[in-house]
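Down below is the structure, laid out as structure tokens.
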Amino acid sequence: MTGTVAEGEWHGGIFHFPIRVYYEDTDVGGMVYHGRYVSFFERVRTESIRGTAADVNHLFELPKEEGGPLTYVVSNINIRYHRQAKVGDVLIGHSMVTKVRAAAIEVKQWITRDGEMVAEAEVLVAVIGTDGRPKRWPNSARICWQNWMDEAAEGQR
């Protein structure tokens with residue numbers, strides 16, 4: 001899957017997505033508010049799956065016979081901040097699947113500016129039914145996650 005830089009791009013199992021920092025993302029001093037990084041990470045993950053069998057819109061439209069409808073929840077996120085970003089910066093968000101579980105995925109994400117680490121996160125994303133209970137990935141979504149994880153592992157070698 002490829003796209004323009006504005007849409008993000010996959011390279012070696014890692015998704016890269018540009019993020020411009022707007023004034024609304026910052027505190028009174030023009031520095032990115034720490035909570036906005038969660039939104040940035042979410043945006044990168046969302047764009048990485050857009051239009052695929054792992055897309056939340058696709059999962060939500062699955063009929064009952066195929067295990068649907070399904071959605072996602074972030075069940076754990078651990079963020080480490082390295083540098084402060086500021087209004088006007090153009091950041092690059094990166095996302096990589098590190099583990100595929102029966103009803104969840106583990107994702108490593110990081111944000112850089114000019115090649116320097118700004119923030120990084122380890123995220124556990126679970127798939128659930130409309131009743132709020134964990135569900136297994138449908139095969140089509142699991143294959144997407146597995147392929148991205150395998151590509152990333154291969155790219156790391």
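By order of appearance in the structure tokens: chains A, B, ..., then residues from 1 within every chain, and ligands from 1 in the order shown.
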
Can you tell me, as a list in words, what residues are no more than 12 Å from Ile77 (chain A) when counting only C-alpha atoms, ignoring any on the same chain fewer than 5 positions away? Gly35, Tyr37, Val38, Ser39, Phe41, Glu42, Glu106, Val107, Lys108, Gln109, Glu120, Ala121, Glu122, Val123, Leu124, Val125 and Ala126 of chain A

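By chain and then residue number, the residues within 8 Å of region 30-32 of chain A are A:Val21, A:Tyr23, A:Asp25, A:Tyr37, A:Gln84, A:Ala85, A:Lys86, A:Val87, counting only C-alpha atoms and disregarding those fewer than 5 positions away in sequence.
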
Please identify which residues in chain A DSSP calls strand (DSSP E) from the backbone, and express them as a ChimeraX atom specification. /A:9-11,14-20,70-81,90-100,104-113,116-129

Identify which of the residues A:Thr112, A:Thr26, A:Thr98, A:Thr130 lies closest to Asp150 (chain A), counting only C-alpha atoms when measuring atom-to-atom distances. A:Thr98

If you run DSSP over the backbone, which residues in chain A end up alpha helix (DSSP H)? Put them as a ChimeraX atom specification. /A:36-49,56-60,139-156

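Once Ala153 (chain A) and its same-chain neighbours fewer than 5 positions away are set aside, Gly12, Gly13, Thr98 and Trp148 of chain A remain within 9 Å of it when counting only C-alpha atoms.
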
Export N, CA, C and O atoms of the chosen residues as a PDB file, in the first residue's frame?
ATOM      1  N   GLY A  12       8.439  -1.165   4.546  1.00  0.00           N
ATOM      2  CA  GLY A  12       8.970  -2.248   5.359  1.00  0.00           C
ATOM      3  C   GLY A  12       8.143  -2.578   6.588  1.00  0.00           C
ATOM      4  O   GLY A  12       8.697  -2.859   7.643  1.00  0.00           O
ATOM      5  N   GLY A  13       6.819  -2.522   6.461  1.00  0.00           N
ATOM      6  CA  GLY A  13       5.942  -2.865   7.568  1.00  0.00           C
ATOM      7  C   GLY A  13       5.763  -1.759   8.600  1.00  0.00           C
ATOM      8  O   GLY A  13       5.158  -1.978   9.640  1.00  0.00           O
ATOM      9  N   THR A  98       3.623  -5.192  16.466  1.00  0.00           N
ATOM     10  CA  THR A  98       4.675  -6.027  17.039  1.00  0.00           C
ATOM     11  C   THR A  98       4.183  -7.399  17.487  1.00  0.00           C
ATOM     12  O   THR A  98       4.983  -8.314  17.640  1.00  0.00           O
ATOM     13  N   TRP A 148       1.433  -7.143   8.196  1.00  0.00           N
ATOM     14  CA  TRP A 148       2.167  -5.935   8.583  1.00  0.00           C
ATOM     15  C   TRP A 148       3.240  -6.257   9.616  1.00  0.00           C
ATOM     16  O   TRP A 148       4.344  -5.728   9.567  1.00  0.00           O
TER      17      TRP A 148
END

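Across the model, the gap from CA of Ser95 (chain A) to CA of Phe15 (chain A) is 5.1 Å.
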
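The spacing separating CA of His16 (chain A) from CA of Ile92 (chain A) amounts to 6.3 Å.
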